[in-house]
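Colleague: Before we start, here is the structure in question, set down as structure tokens.
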Amino acid sequence: MTADTVRLAAVLARQRPPLAEVLARPGTRAVLLAGSKDPNAKVTVVLLDDYGPAFVVKVPTTDVAAQVVQSEGDLLEALRELGIGKLATSIPQPVGYLDAEGLPALVTNALAGTPMTVRYHSWRHTARRRRVRADFTAAGAWLADLQTRTAGRRAPVTLLRDSLERIRARFPGHQNLRHLRRHLAGPADLLARNATPRTAVHGDYWYGNLLVARQRRTQRVVGVVDWEAGALFGEPLRDVARFAVSYSLYLDRHVRPGHRIPGHRGLRADGWGAGLTHAVHGEGWYAALVRGYVTAAAERLGVPGGLWREILLAGIADVAATADHPDFATSHLDLLIRLADRYGPSHGTLSGQPHGQVPA
């Protein structure tokens with residue numbers, strides 16, 4: 001090893017060296033892992049060092065994105081100070097920052113594991129009950145561990161109420177907002193009558209941010225990345241709902257419009273959010289599995305399991321309120337309006353006993 005090929009970690013120990021300098025170093029290779037189509041996008045780059053460990057660099061492209069990247073680094077530091085035990089190895093460890101043309105690029109260690117996205121989009125993965133259950137079980141188990149380790153004071157569940165307020169501010173001219181608020185006032189009140197511990201919150205706990213591996217013949221979450229929407233203390237049901245909402249949304253991803261979705265009797269790709277509508281109002285094994293996952297998590301946190309549907313509605317509202325991409329947010333809002341039209345007095349606490357539960 002020469003002076004020109006010292007470990008990348010030694011370079012990062014300096015005060016914010018230029019990204020271009022690191023990329024040009026002998027022995028360092030860069031792999032573009034992911035880009036974003038969001039207005040304030042970040043680009044994720046993996047740095048592979050022939051003489052040391054790999055690192056992940058999140059590069060902001062705007063001043064707003066830079067603030068988000070800086071906040072994520074601060075949150076990751078704070079999480080490690082909470083004393084989260086064995087979970088520390090599954091959360092990126094911030095190493096420092098690089099200078100990306102005047103903007104801070106966050107550098108973390110690279111986590112091992114296979115993105116759950118790979119499993120999800122493999123041949124008919126979501127058509128097989130056993131495989132889908134394994135995904136929900138793994139995601140629920142990791143989340144339960146995080147929430148148990150970071151639980152603090154209890155506070156009312158205001159996820160739906162707060163999301164509706166943010167939706168009103170984000171879409172001030174939407175013609176159906178008054179209609180939506182009227183239909184969801186009841187569900188929001190039902191949730192707010194209950195309280196949960198405030199816990200660490202990831203904020204975008206969807207399968208694309210989870211890394212999995214087989215351990216003792218069981219699939220487990222071994223890494224959770226992209227904490228830019230997280231909080232040290234927040235509503236734990238936000239993450240519970242986000243996983244179920246996102247998993248359901250893409251059930252029809254590989255199906256032509258109007259065609260049957262394999263493995264889900266009676267479900268067709270007949271419009272945006274067909275799988276999510278099925279999770280909220282449908283029947284069959286998948287709807288039962290989602291219901292069981294949300295119910296188990298709610299009861300663990302001290303909320304009646306019968307409010308599973310209200311929690312899912314809150315999760316959809318949360319995406320509409322917070323998603324970076326405006327079209328993605330609008331699509332969730334339009335779907336929420338359609339689902340709210342179907343909300344009736346027989347739902348909520350009277351929605352029936354859950355079945356097909358998975359650990360959460």
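Identifiers for the structure tokens are assigned positionally: chains receive A, B, ... in sequence, residues are indexed from 1 per chain, and ligands are indexed from 1 in the order shown.
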Tell me, which residues of region 29-259 of chain A carry DSSP helix (DSSP H, G or I), written as a PDB file with N, CA and C atoms, in the first residue's frame?
Modeller:
ATOM      1  N   ASP A  63     -30.063  22.834  -2.651  1.00  0.00           N
ATOM      2  CA  ASP A  63     -29.861  23.308  -1.280  1.00  0.00           C
ATOM      3  C   ASP A  63     -30.845  22.649  -0.320  1.00  0.00           C
ATOM      4  N   VAL A  64     -32.092  22.469  -0.764  1.00  0.00           N
ATOM      5  CA  VAL A  64     -33.091  21.814   0.085  1.00  0.00           C
ATOM      6  C   VAL A  64     -32.687  20.371   0.354  1.00  0.00           C
ATOM      7  N   ALA A  65     -32.233  19.677  -0.676  1.00  0.00           N
ATOM      8  CA  ALA A  65     -31.779  18.296  -0.500  1.00  0.00           C
ATOM      9  C   ALA A  65     -30.584  18.232   0.447  1.00  0.00           C
ATOM     10  N   ALA A  66     -29.734  19.243   0.408  1.00  0.00           N
ATOM     11  CA  ALA A  66     -28.573  19.273   1.300  1.00  0.00           C
ATOM     12  C   ALA A  66     -29.007  19.356   2.759  1.00  0.00           C
ATOM     13  N   GLN A  67     -30.048  20.129   3.034  1.00  0.00           N
ATOM     14  CA  GLN A  67     -30.561  20.221   4.401  1.00  0.00           C
ATOM     15  C   GLN A  67     -31.091  18.868   4.868  1.00  0.00           C
ATOM     16  N   VAL A  68     -31.755  18.157   3.951  1.00  0.00           N
ATOM     17  CA  VAL A  68     -32.292  16.837   4.282  1.00  0.00           C
ATOM     18  C   VAL A  68     -31.160  15.861   4.581  1.00  0.00           C
ATOM     19  N   VAL A  69     -30.123  15.889   3.757  1.00  0.00           N
ATOM     20  CA  VAL A  69     -28.979  14.999   3.950  1.00  0.00           C
ATOM     21  C   VAL A  69     -28.290  15.285   5.282  1.00  0.00           C
ATOM     22  N   GLN A  70     -28.126  16.554   5.598  1.00  0.00           N
ATOM     23  CA  GLN A  70     -27.506  16.923   6.869  1.00  0.00           C
ATOM     24  C   GLN A  70     -28.352  16.446   8.044  1.00  0.00           C
ATOM     25  N   SER A  71     -29.675  16.597   7.929  1.00  0.00           N
ATOM     26  CA  SER A  71     -30.572  16.161   9.003  1.00  0.00           C
ATOM     27  C   SER A  71     -30.528  14.652   9.181  1.00  0.00           C
ATOM     28  N   GLU A  72     -30.410  13.921   8.064  1.00  0.00           N
ATOM     29  CA  GLU A  72     -30.314  12.468   8.165  1.00  0.00           C
ATOM     30  C   GLU A  72     -29.049  12.064   8.912  1.00  0.00           C
ATOM     31  N   GLY A  73     -27.952  12.727   8.624  1.00  0.00           N
ATOM     32  CA  GLY A  73     -26.718  12.426   9.336  1.00  0.00           C
ATOM     33  C   GLY A  73     -26.839  12.689  10.827  1.00  0.00           C
ATOM     34  N   ASP A  74     -27.489  13.792  11.176  1.00  0.00           N
ATOM     35  CA  ASP A  74     -27.692  14.117  12.593  1.00  0.00           C
ATOM     36  C   ASP A  74     -28.563  13.062  13.273  1.00  0.00           C
ATOM     37  N   LEU A  75     -29.615  12.616  12.567  1.00  0.00           N
ATOM     38  CA  LEU A  75     -30.505  11.608  13.141  1.00  0.00           C
ATOM     39  C   LEU A  75     -29.775  10.288  13.356  1.00  0.00           C
ATOM     40  N   LEU A  76     -28.982   9.875  12.390  1.00  0.00           N
ATOM     41  CA  LEU A  76     -28.245   8.618  12.528  1.00  0.00           C
ATOM     42  C   LEU A  76     -27.287   8.670  13.712  1.00  0.00           C
ATOM     43  N   GLU A  77     -26.665   9.807  13.923  1.00  0.00           N
ATOM     44  CA  GLU A  77     -25.795   9.971  15.095  1.00  0.00           C
ATOM     45  C   GLU A  77     -26.603   9.850  16.379  1.00  0.00           C
ATOM     46  N   ALA A  78     -27.757  10.505  16.412  1.00  0.00           N
ATOM     47  CA  ALA A  78     -28.591  10.494  17.615  1.00  0.00           C
ATOM     48  C   ALA A  78     -29.138   9.103  17.905  1.00  0.00           C
ATOM     49  N   LEU A  79     -29.483   8.350  16.865  1.00  0.00           N
ATOM     50  CA  LEU A  79     -29.996   6.999  17.062  1.00  0.00           C
ATOM     51  C   LEU A  79     -28.968   6.119  17.763  1.00  0.00           C
ATOM     52  N   ARG A  80     -27.731   6.247  17.385  1.00  0.00           N
ATOM     53  CA  ARG A  80     -26.687   5.415  17.981  1.00  0.00           C
ATOM     54  C   ARG A  80     -26.465   5.781  19.444  1.00  0.00           C
ATOM     55  N   GLU A  81     -26.765   7.011  19.795  1.00  0.00           N
ATOM     56  CA  GLU A  81     -26.602   7.438  21.185  1.00  0.00           C
ATOM     57  C   GLU A  81     -27.748   6.961  22.073  1.00  0.00           C
ATOM     58  N   GLY A  85     -28.689  -1.283  21.054  1.00  0.00           N
ATOM     59  CA  GLY A  85     -28.204  -2.659  21.119  1.00  0.00           C
ATOM     60  C   GLY A  85     -27.840  -3.240  19.771  1.00  0.00           C
ATOM     61  N   LYS A  86     -28.287  -4.477  19.542  1.00  0.00           N
ATOM     62  CA  LYS A  86     -27.915  -5.197  18.326  1.00  0.00           C
ATOM     63  C   LYS A  86     -28.445  -4.536  17.063  1.00  0.00           C
ATOM     64  N   LEU A  87     -29.456  -3.679  17.181  1.00  0.00           N
ATOM     65  CA  LEU A  87     -29.996  -3.011  16.002  1.00  0.00           C
ATOM     66  C   LEU A  87     -29.006  -2.026  15.396  1.00  0.00           C
ATOM     67  N   ALA A  88     -27.996  -1.644  16.163  1.00  0.00           N
ATOM     68  CA  ALA A  88     -27.024  -0.668  15.660  1.00  0.00           C
ATOM     69  C   ALA A  88     -26.345  -1.154  14.387  1.00  0.00           C
ATOM     70  N   THR A  89     -26.164  -2.463  14.256  1.00  0.00           N
ATOM     71  CA  THR A  89     -25.494  -2.999  13.066  1.00  0.00           C
ATOM     72  C   THR A  89     -26.385  -2.964  11.835  1.00  0.00           C
ATOM     73  N   SER A  90     -27.679  -2.745  12.013  1.00  0.00           N
ATOM     74  CA  SER A  90     -28.611  -2.721  10.885  1.00  0.00           C
ATOM     75  C   SER A  90     -28.981  -1.305  10.465  1.00  0.00           C
ATOM     76  N   MET A 116     -35.059  -5.984  -0.152  1.00  0.00           N
ATOM     77  CA  MET A 116     -36.313  -6.722  -0.253  1.00  0.00           C
ATOM     78  C   MET A 116     -36.969  -6.495  -1.609  1.00  0.00           C
ATOM     79  N   THR A 117     -36.604  -5.412  -2.269  1.00  0.00           N
ATOM     80  CA  THR A 117     -37.106  -5.137  -3.618  1.00  0.00           C
ATOM     81  C   THR A 117     -36.798  -6.285  -4.569  1.00  0.00           C
ATOM     82  N   VAL A 118     -35.620  -6.883  -4.425  1.00  0.00           N
ATOM     83  CA  VAL A 118     -35.226  -7.986  -5.303  1.00  0.00           C
ATOM     84  C   VAL A 118     -36.194  -9.149  -5.148  1.00  0.00           C
ATOM     85  N   ARG A 119     -36.535  -9.477  -3.910  1.00  0.00           N
ATOM     86  CA  ARG A 119     -37.493 -10.551  -3.659  1.00  0.00           C
ATOM     87  C   ARG A 119     -38.878 -10.163  -4.178  1.00  0.00           C
ATOM     88  N   TYR A 120     -39.291  -8.965  -3.866  1.00  0.00           N
ATOM     89  CA  TYR A 120     -40.644  -8.523  -4.206  1.00  0.00           C
ATOM     90  C   TYR A 120     -40.912  -8.641  -5.705  1.00  0.00           C
ATOM     91  N   HIS A 125     -43.514 -13.492  -6.881  1.00  0.00           N
ATOM     92  CA  HIS A 125     -43.257 -13.514  -5.437  1.00  0.00           C
ATOM     93  C   HIS A 125     -44.502 -13.118  -4.656  1.00  0.00           C
ATOM     94  N   THR A 126     -45.162 -12.046  -5.071  1.00  0.00           N
ATOM     95  CA  THR A 126     -46.319 -11.551  -4.316  1.00  0.00           C
ATOM     96  C   THR A 126     -47.570 -12.391  -4.544  1.00  0.00           C
ATOM     97  N   ALA A 127     -47.475 -13.396  -5.400  1.00  0.00           N
ATOM     98  CA  ALA A 127     -48.608 -14.303  -5.602  1.00  0.00           C
ATOM     99  C   ALA A 127     -48.582 -15.463  -4.621  1.00  0.00           C
ATOM    100  N   ARG A 129     -48.457 -16.848  -0.878  1.00  0.00           N
ATOM    101  CA  ARG A 129     -48.786 -16.443   0.485  1.00  0.00           C
ATOM    102  C   ARG A 129     -47.609 -16.615   1.442  1.00  0.00           C
ATOM    103  N   ARG A 130     -46.912 -17.728   1.349  1.00  0.00           N
ATOM    104  CA  ARG A 130     -45.821 -18.005   2.281  1.00  0.00           C
ATOM    105  C   ARG A 130     -44.714 -16.961   2.156  1.00  0.00           C
ATOM    106  N   ARG A 131     -44.380 -16.581   0.939  1.00  0.00           N
ATOM    107  CA  ARG A 131     -43.310 -15.608   0.737  1.00  0.00           C
ATOM    108  C   ARG A 131     -43.728 -14.213   1.202  1.00  0.00           C
ATOM    109  N   VAL A 132     -44.955 -13.853   0.924  1.00  0.00           N
ATOM    110  CA  VAL A 132     -45.447 -12.544   1.361  1.00  0.00           C
ATOM    111  C   VAL A 132     -45.491 -12.482   2.883  1.00  0.00           C
ATOM    112  N   ARG A 133     -45.951 -13.567   3.508  1.00  0.00           N
ATOM    113  CA  ARG A 133     -45.993 -13.600   4.970  1.00  0.00           C
ATOM    114  C   ARG A 133     -44.586 -13.439   5.552  1.00  0.00           C
ATOM    115  N   ALA A 134     -43.593 -14.057   4.913  1.00  0.00           N
ATOM    116  CA  ALA A 134     -42.219 -13.937   5.401  1.00  0.00           C
ATOM    117  C   ALA A 134     -41.739 -12.491   5.344  1.00  0.00           C
ATOM    118  N   ASP A 135     -42.126 -11.764   4.305  1.00  0.00           N
ATOM    119  CA  ASP A 135     -41.747 -10.355   4.202  1.00  0.00           C
ATOM    120  C   ASP A 135     -42.373  -9.533   5.326  1.00  0.00           C
ATOM    121  N   PHE A 136     -43.671  -9.714   5.547  1.00  0.00           N
ATOM    122  CA  PHE A 136     -44.358  -8.965   6.595  1.00  0.00           C
ATOM    123  C   PHE A 136     -43.822  -9.339   7.977  1.00  0.00           C
ATOM    124  N   THR A 137     -43.539 -10.608   8.170  1.00  0.00           N
ATOM    125  CA  THR A 137     -43.018 -11.048   9.465  1.00  0.00           C
ATOM    126  C   THR A 137     -41.659 -10.418   9.745  1.00  0.00           C
ATOM    127  N   ALA A 138     -40.775 -10.429   8.752  1.00  0.00           N
ATOM    128  CA  ALA A 138     -39.443  -9.855   8.937  1.00  0.00           C
ATOM    129  C   ALA A 138     -39.519  -8.354   9.195  1.00  0.00           C
ATOM    130  N   ALA A 139     -40.311  -7.656   8.394  1.00  0.00           N
ATOM    131  CA  ALA A 139     -40.441  -6.208   8.566  1.00  0.00           C
ATOM    132  C   ALA A 139     -41.057  -5.872   9.918  1.00  0.00           C
ATOM    133  N   GLY A 140     -42.075  -6.625  10.312  1.00  0.00           N
ATOM    134  CA  GLY A 140     -42.734  -6.372  11.585  1.00  0.00           C
ATOM    135  C   GLY A 140     -41.847  -6.654  12.773  1.00  0.00           C
ATOM    136  N   ALA A 141     -41.028  -7.701  12.686  1.00  0.00           N
ATOM    137  CA  ALA A 141     -40.152  -8.059  13.805  1.00  0.00           C
ATOM    138  C   ALA A 141     -39.079  -6.999  14.031  1.00  0.00           C
ATOM    139  N   TRP A 142     -38.466  -6.517  12.951  1.00  0.00           N
ATOM    140  CA  TRP A 142     -37.434  -5.486  13.111  1.00  0.00           C
ATOM    141  C   TRP A 142     -38.045  -4.208  13.678  1.00  0.00           C
ATOM    142  N   LEU A 143     -39.209  -3.838  13.166  1.00  0.00           N
ATOM    143  CA  LEU A 143     -39.859  -2.611  13.623  1.00  0.00           C
ATOM    144  C   LEU A 143     -40.256  -2.715  15.090  1.00  0.00           C
ATOM    145  N   ALA A 144     -40.757  -3.871  15.489  1.00  0.00           N
ATOM    146  CA  ALA A 144     -41.137  -4.066  16.890  1.00  0.00           C
ATOM    147  C   ALA A 144     -39.927  -3.919  17.804  1.00  0.00           C
ATOM    148  N   ASP A 145     -38.787  -4.440  17.370  1.00  0.00           N
ATOM    149  CA  ASP A 145     -37.566  -4.334  18.173  1.00  0.00           C
ATOM    150  C   ASP A 145     -37.149  -2.872  18.328  1.00  0.00           C
ATOM    151  N   LEU A 146     -37.153  -2.136  17.223  1.00  0.00           N
ATOM    152  CA  LEU A 146     -36.788  -0.716  17.286  1.00  0.00           C
ATOM    153  C   LEU A 146     -37.728   0.051  18.207  1.00  0.00           C
ATOM    154  N   GLN A 147     -39.024  -0.179  18.065  1.00  0.00           N
ATOM    155  CA  GLN A 147     -40.000   0.581  18.837  1.00  0.00           C
ATOM    156  C   GLN A 147     -39.954   0.223  20.316  1.00  0.00           C
ATOM    157  N   THR A 148     -39.668  -1.027  20.616  1.00  0.00           N
ATOM    158  CA  THR A 148     -39.541  -1.432  22.018  1.00  0.00           C
ATOM    159  C   THR A 148     -38.315  -0.794  22.662  1.00  0.00           C
ATOM    160  N   ARG A 149     -37.211  -0.765  21.932  1.00  0.00           N
ATOM    161  CA  ARG A 149     -35.963  -0.231  22.476  1.00  0.00           C
ATOM    162  C   ARG A 149     -35.987   1.288  22.635  1.00  0.00           C
ATOM    163  N   THR A 150     -36.813   1.981  21.858  1.00  0.00           N
ATOM    164  CA  THR A 150     -36.791   3.452  21.877  1.00  0.00           C
ATOM    165  C   THR A 150     -38.066   4.058  22.447  1.00  0.00           C
ATOM    166  N   LEU A 159     -51.864  10.779  13.837  1.00  0.00           N
ATOM    167  CA  LEU A 159     -51.303  10.617  12.498  1.00  0.00           C
ATOM    168  C   LEU A 159     -52.288  11.029  11.417  1.00  0.00           C
ATOM    169  N   LEU A 160     -53.525  10.565  11.497  1.00  0.00           N
ATOM    170  CA  LEU A 160     -54.509  10.901  10.470  1.00  0.00           C
ATOM    171  C   LEU A 160     -54.900  12.369  10.557  1.00  0.00           C
ATOM    172  N   ARG A 161     -55.140  12.853  11.750  1.00  0.00           N
ATOM    173  CA  ARG A 161     -55.532  14.254  11.916  1.00  0.00           C
ATOM    174  C   ARG A 161     -54.436  15.187  11.406  1.00  0.00           C
ATOM    175  N   ASP A 162     -53.195  14.907  11.775  1.00  0.00           N
ATOM    176  CA  ASP A 162     -52.086  15.756  11.331  1.00  0.00           C
ATOM    177  C   ASP A 162     -51.892  15.674   9.819  1.00  0.00           C
ATOM    178  N   SER A 163     -52.059  14.483   9.260  1.00  0.00           N
ATOM    179  CA  SER A 163     -51.898  14.319   7.812  1.00  0.00           C
ATOM    180  C   SER A 163     -52.959  15.098   7.055  1.00  0.00           C
ATOM    181  N   LEU A 164     -54.181  15.095   7.551  1.00  0.00           N
ATOM    182  CA  LEU A 164     -55.249  15.855   6.900  1.00  0.00           C
ATOM    183  C   LEU A 164     -54.951  17.349   6.930  1.00  0.00           C
ATOM    184  N   GLU A 165     -54.371  17.832   8.010  1.00  0.00           N
ATOM    185  CA  GLU A 165     -53.996  19.244   8.085  1.00  0.00           C
ATOM    186  C   GLU A 165     -52.901  19.561   7.066  1.00  0.00           C
ATOM    187  N   ARG A 166     -51.941  18.675   6.937  1.00  0.00           N
ATOM    188  CA  ARG A 166     -50.859  18.903   5.981  1.00  0.00           C
ATOM    189  C   ARG A 166     -51.365  18.795   4.551  1.00  0.00           C
ATOM    190  N   ILE A 167     -52.316  17.910   4.318  1.00  0.00           N
ATOM    191  CA  ILE A 167     -52.921  17.804   2.988  1.00  0.00           C
ATOM    192  C   ILE A 167     -53.644  19.097   2.636  1.00  0.00           C
ATOM    193  N   ARG A 168     -54.355  19.658   3.588  1.00  0.00           N
ATOM    194  CA  ARG A 168     -55.073  20.915   3.341  1.00  0.00           C
ATOM    195  C   ARG A 168     -54.098  22.030   2.970  1.00  0.00           C
ATOM    196  N   ALA A 169     -52.945  22.060   3.637  1.00  0.00           N
ATOM    197  CA  ALA A 169     -51.948  23.080   3.324  1.00  0.00           C
ATOM    198  C   ALA A 169     -51.257  22.813   1.988  1.00  0.00           C
ATOM    199  N   ARG A 170     -51.099  21.546   1.641  1.00  0.00           N
ATOM    200  CA  ARG A 170     -50.381  21.201   0.414  1.00  0.00           C
ATOM    201  C   ARG A 170     -51.257  21.319  -0.821  1.00  0.00           C
ATOM    202  N   LEU A 177     -61.424  18.434  -0.840  1.00  0.00           N
ATOM    203  CA  LEU A 177     -60.826  18.406   0.490  1.00  0.00           C
ATOM    204  C   LEU A 177     -61.870  18.469   1.598  1.00  0.00           C
ATOM    205  N   ARG A 178     -62.864  19.313   1.445  1.00  0.00           N
ATOM    206  CA  ARG A 178     -63.897  19.413   2.487  1.00  0.00           C
ATOM    207  C   ARG A 178     -64.642  18.087   2.616  1.00  0.00           C
ATOM    208  N   HIS A 179     -64.930  17.481   1.486  1.00  0.00           N
ATOM    209  CA  HIS A 179     -65.588  16.174   1.463  1.00  0.00           C
ATOM    210  C   HIS A 179     -64.718  15.137   2.182  1.00  0.00           C
ATOM    211  N   LEU A 180     -63.414  15.143   1.903  1.00  0.00           N
ATOM    212  CA  LEU A 180     -62.498  14.184   2.520  1.00  0.00           C
ATOM    213  C   LEU A 180     -62.441  14.371   4.028  1.00  0.00           C
ATOM    214  N   ARG A 181     -62.304  15.593   4.465  1.00  0.00           N
ATOM    215  CA  ARG A 181     -62.192  15.861   5.894  1.00  0.00           C
ATOM    216  C   ARG A 181     -63.468  15.461   6.627  1.00  0.00           C
ATOM    217  N   ARG A 182     -64.609  15.657   5.995  1.00  0.00           N
ATOM    218  CA  ARG A 182     -65.874  15.274   6.617  1.00  0.00           C
ATOM    219  C   ARG A 182     -65.963  13.760   6.776  1.00  0.00           C
ATOM    220  N   HIS A 183     -65.536  13.024   5.756  1.00  0.00           N
ATOM    221  CA  HIS A 183     -65.618  11.568   5.807  1.00  0.00           C
ATOM    222  C   HIS A 183     -64.603  10.953   6.771  1.00  0.00           C
ATOM    223  N   LEU A 184     -63.459  11.603   6.935  1.00  0.00           N
ATOM    224  CA  LEU A 184     -62.409  11.020   7.769  1.00  0.00           C
ATOM    225  C   LEU A 184     -62.312  11.654   9.150  1.00  0.00           C
ATOM    226  N   ALA A 185     -63.228  12.538   9.474  1.00  0.00           N
ATOM    227  CA  ALA A 185     -63.229  13.124  10.821  1.00  0.00           C
ATOM    228  C   ALA A 185     -63.464  12.046  11.873  1.00  0.00           C
ATOM    229  N   GLY A 186     -64.377  11.117  11.581  1.00  0.00           N
ATOM    230  CA  GLY A 186     -64.658  10.028  12.514  1.00  0.00           C
ATOM    231  C   GLY A 186     -63.461   9.128  12.742  1.00  0.00           C
ATOM    232  N   PRO A 187     -62.828   8.615  11.676  1.00  0.00           N
ATOM    233  CA  PRO A 187     -61.629   7.800  11.862  1.00  0.00           C
ATOM    234  C   PRO A 187     -60.511   8.537  12.599  1.00  0.00           C
ATOM    235  N   ALA A 188     -60.342   9.815  12.304  1.00  0.00           N
ATOM    236  CA  ALA A 188     -59.300  10.585  12.992  1.00  0.00           C
ATOM    237  C   ALA A 188     -59.586  10.677  14.485  1.00  0.00           C
ATOM    238  N   ASP A 189     -60.852  10.870  14.833  1.00  0.00           N
ATOM    239  CA  ASP A 189     -61.225  10.947  16.251  1.00  0.00           C
ATOM    240  C   ASP A 189     -61.034   9.600  16.946  1.00  0.00           C
ATOM    241  N   LEU A 190     -61.394   8.514  16.260  1.00  0.00           N
ATOM    242  CA  LEU A 190     -61.218   7.186  16.848  1.00  0.00           C
ATOM    243  C   LEU A 190     -59.751   6.924  17.184  1.00  0.00           C
ATOM    244  N   LEU A 191     -58.871   7.283  16.274  1.00  0.00           N
ATOM    245  CA  LEU A 191     -57.448   7.075  16.526  1.00  0.00           C
ATOM    246  C   LEU A 191     -56.945   7.967  17.658  1.00  0.00           C
ATOM    247  N   ALA A 192     -57.400   9.216  17.677  1.00  0.00           N
ATOM    248  CA  ALA A 192     -56.899  10.176  18.662  1.00  0.00           C
ATOM    249  C   ALA A 192     -57.349   9.856  20.083  1.00  0.00           C
ATOM    250  N   TYR A 207     -40.596  -1.461   1.598  1.00  0.00           N
ATOM    251  CA  TYR A 207     -39.713  -2.603   1.352  1.00  0.00           C
ATOM    252  C   TYR A 207     -38.459  -2.214   0.577  1.00  0.00           C
ATOM    253  N   GLY A 208     -38.503  -1.121  -0.169  1.00  0.00           N
ATOM    254  CA  GLY A 208     -37.329  -0.683  -0.909  1.00  0.00           C
ATOM    255  C   GLY A 208     -36.191  -0.196  -0.033  1.00  0.00           C
ATOM    256  N   ASN A 209     -36.480   0.091   1.230  1.00  0.00           N
ATOM    257  CA  ASN A 209     -35.445   0.554   2.153  1.00  0.00           C
ATOM    258  C   ASN A 209     -34.984  -0.531   3.124  1.00  0.00           C
ATOM    259  N   PRO A 236     -45.224   5.743  16.148  1.00  0.00           N
ATOM    260  CA  PRO A 236     -44.765   4.451  15.632  1.00  0.00           C
ATOM    261  C   PRO A 236     -45.692   3.853  14.579  1.00  0.00           C
ATOM    262  N   LEU A 237     -46.982   4.177  14.637  1.00  0.00           N
ATOM    263  CA  LEU A 237     -47.914   3.625  13.656  1.00  0.00           C
ATOM    264  C   LEU A 237     -47.639   4.147  12.250  1.00  0.00           C
ATOM    265  N   ARG A 238     -46.896   5.211  12.155  1.00  0.00           N
ATOM    266  CA  ARG A 238     -46.540   5.729  10.836  1.00  0.00           C
ATOM    267  C   ARG A 238     -45.727   4.704  10.056  1.00  0.00           C
ATOM    268  N   ASP A 239     -44.726   4.108  10.710  1.00  0.00           N
ATOM    269  CA  ASP A 239     -43.909   3.092  10.043  1.00  0.00           C
ATOM    270  C   ASP A 239     -44.688   1.804   9.819  1.00  0.00           C
ATOM    271  N   VAL A 240     -45.527   1.439  10.777  1.00  0.00           N
ATOM    272  CA  VAL A 240     -46.358   0.240  10.627  1.00  0.00           C
ATOM    273  C   VAL A 240     -47.206   0.353   9.367  1.00  0.00           C
ATOM    274  N   ALA A 241     -47.886   1.477   9.225  1.00  0.00           N
ATOM    275  CA  ALA A 241     -48.769   1.674   8.080  1.00  0.00           C
ATOM    276  C   ALA A 241     -47.992   1.791   6.782  1.00  0.00           C
ATOM    277  N   ARG A 242     -46.840   2.466   6.814  1.00  0.00           N
ATOM    278  CA  ARG A 242     -46.098   2.704   5.570  1.00  0.00           C
ATOM    279  C   ARG A 242     -45.682   1.400   4.899  1.00  0.00           C
ATOM    280  N   PHE A 243     -45.257   0.412   5.684  1.00  0.00           N
ATOM    281  CA  PHE A 243     -44.855  -0.848   5.064  1.00  0.00           C
ATOM    282  C   PHE A 243     -46.046  -1.515   4.382  1.00  0.00           C
ATOM    283  N   ALA A 244     -47.181  -1.582   5.062  1.00  0.00           N
ATOM    284  CA  ALA A 244     -48.361  -2.228   4.487  1.00  0.00           C
ATOM    285  C   ALA A 244     -48.865  -1.474   3.263  1.00  0.00           C
ATOM    286  N   VAL A 245     -48.871  -0.156   3.327  1.00  0.00           N
ATOM    287  CA  VAL A 245     -49.358   0.665   2.217  1.00  0.00           C
ATOM    288  C   VAL A 245     -48.474   0.486   0.989  1.00  0.00           C
ATOM    289  N   SER A 246     -47.171   0.579   1.163  1.00  0.00           N
ATOM    290  CA  SER A 246     -46.267   0.479   0.019  1.00  0.00           C
ATOM    291  C   SER A 246     -46.252  -0.929  -0.568  1.00  0.00           C
ATOM    292  N   TYR A 247     -46.287  -1.941   0.282  1.00  0.00           N
ATOM    293  CA  TYR A 247     -46.277  -3.320  -0.203  1.00  0.00           C
ATOM    294  C   TYR A 247     -47.527  -3.593  -1.039  1.00  0.00           C
ATOM    295  N   SER A 248     -48.644  -3.062  -0.597  1.00  0.00           N
ATOM    296  CA  SER A 248     -49.911  -3.289  -1.293  1.00  0.00           C
ATOM    297  C   SER A 248     -49.975  -2.523  -2.608  1.00  0.00           C
ATOM    298  N   LEU A 249     -49.363  -1.353  -2.632  1.00  0.00           N
ATOM    299  CA  LEU A 249     -49.484  -0.476  -3.793  1.00  0.00           C
ATOM    300  C   LEU A 249     -48.965  -1.115  -5.071  1.00  0.00           C
TER     301      LEU A 249
END
Colleague: Measuring between only C-alpha atoms, which one of A:Ile337, A:Ala279, A:Ala195, A:Leu47 shows the shortest distance to Gly234 (chain A)?
Modeller: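 That would be A:Ala195, the residue with the smallest distance to Gly234 (chain A).
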Colleague: For each of A:Asn40, A:Thr108, A:Thr330, A:Thr322, take the minimum atom-to-atom distance to Ala54 (chain A), counting only C-alpha atoms, then give the residue where this is smallest.
Modeller: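 When distances to Ala54 (chain A) are compared using only C-alpha atoms, the smallest one comes from A:Thr108.
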Colleague: Which is closest to Val95 (chain A) among A:Val107, A:Val157, A:Ala297, A:Ile311, if we use only C-alpha atoms?
Modeller: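 Closest to Val95 (chain A), using only C-alpha atoms: A:Val107.
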Colleague: Skip Arg154 (chain A) itself and residues of its chain fewer than 6 positions away, then list as an MDAnalysis selection string all residues within 6 Å of it, counting only C-alpha atoms.
Modeller: chainID A and resid 195:198
Colleague: How would the residues just picked look written out with N, CA and C atoms as a JSON list (two decimals), in the first residue's frame?
Modeller:
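Listing of part-v4.json after writing:
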[["chain", "number", "residue", "atom", "x", "y", "z"],
["A", 195, "ALA", "N", -53.58, 6.23, 22.67],
["A", 195, "ALA", "CA", -52.21, 6.74, 22.77],
["A", 195, "ALA", "C", -51.21, 5.62, 22.57],
["A", 196, "THR", "N", -50.07, 5.97, 22.02],
["A", 196, "THR", "CA", -48.96, 5.04, 21.85],
["A", 196, "THR", "C", -47.69, 5.67, 22.42],
["A", 197, "PRO", "N", -46.69, 4.85, 22.73],
["A", 197, "PRO", "CA", -45.40, 5.43, 23.10],
["A", 197, "PRO", "C", -44.82, 6.18, 21.90],
["A", 198, "ARG", "N", -44.13, 7.24, 22.14],
["A", 198, "ARG", "CA", -43.37, 7.89, 21.08],
["A", 198, "ARG", "C", -42.04, 7.14, 20.95]]
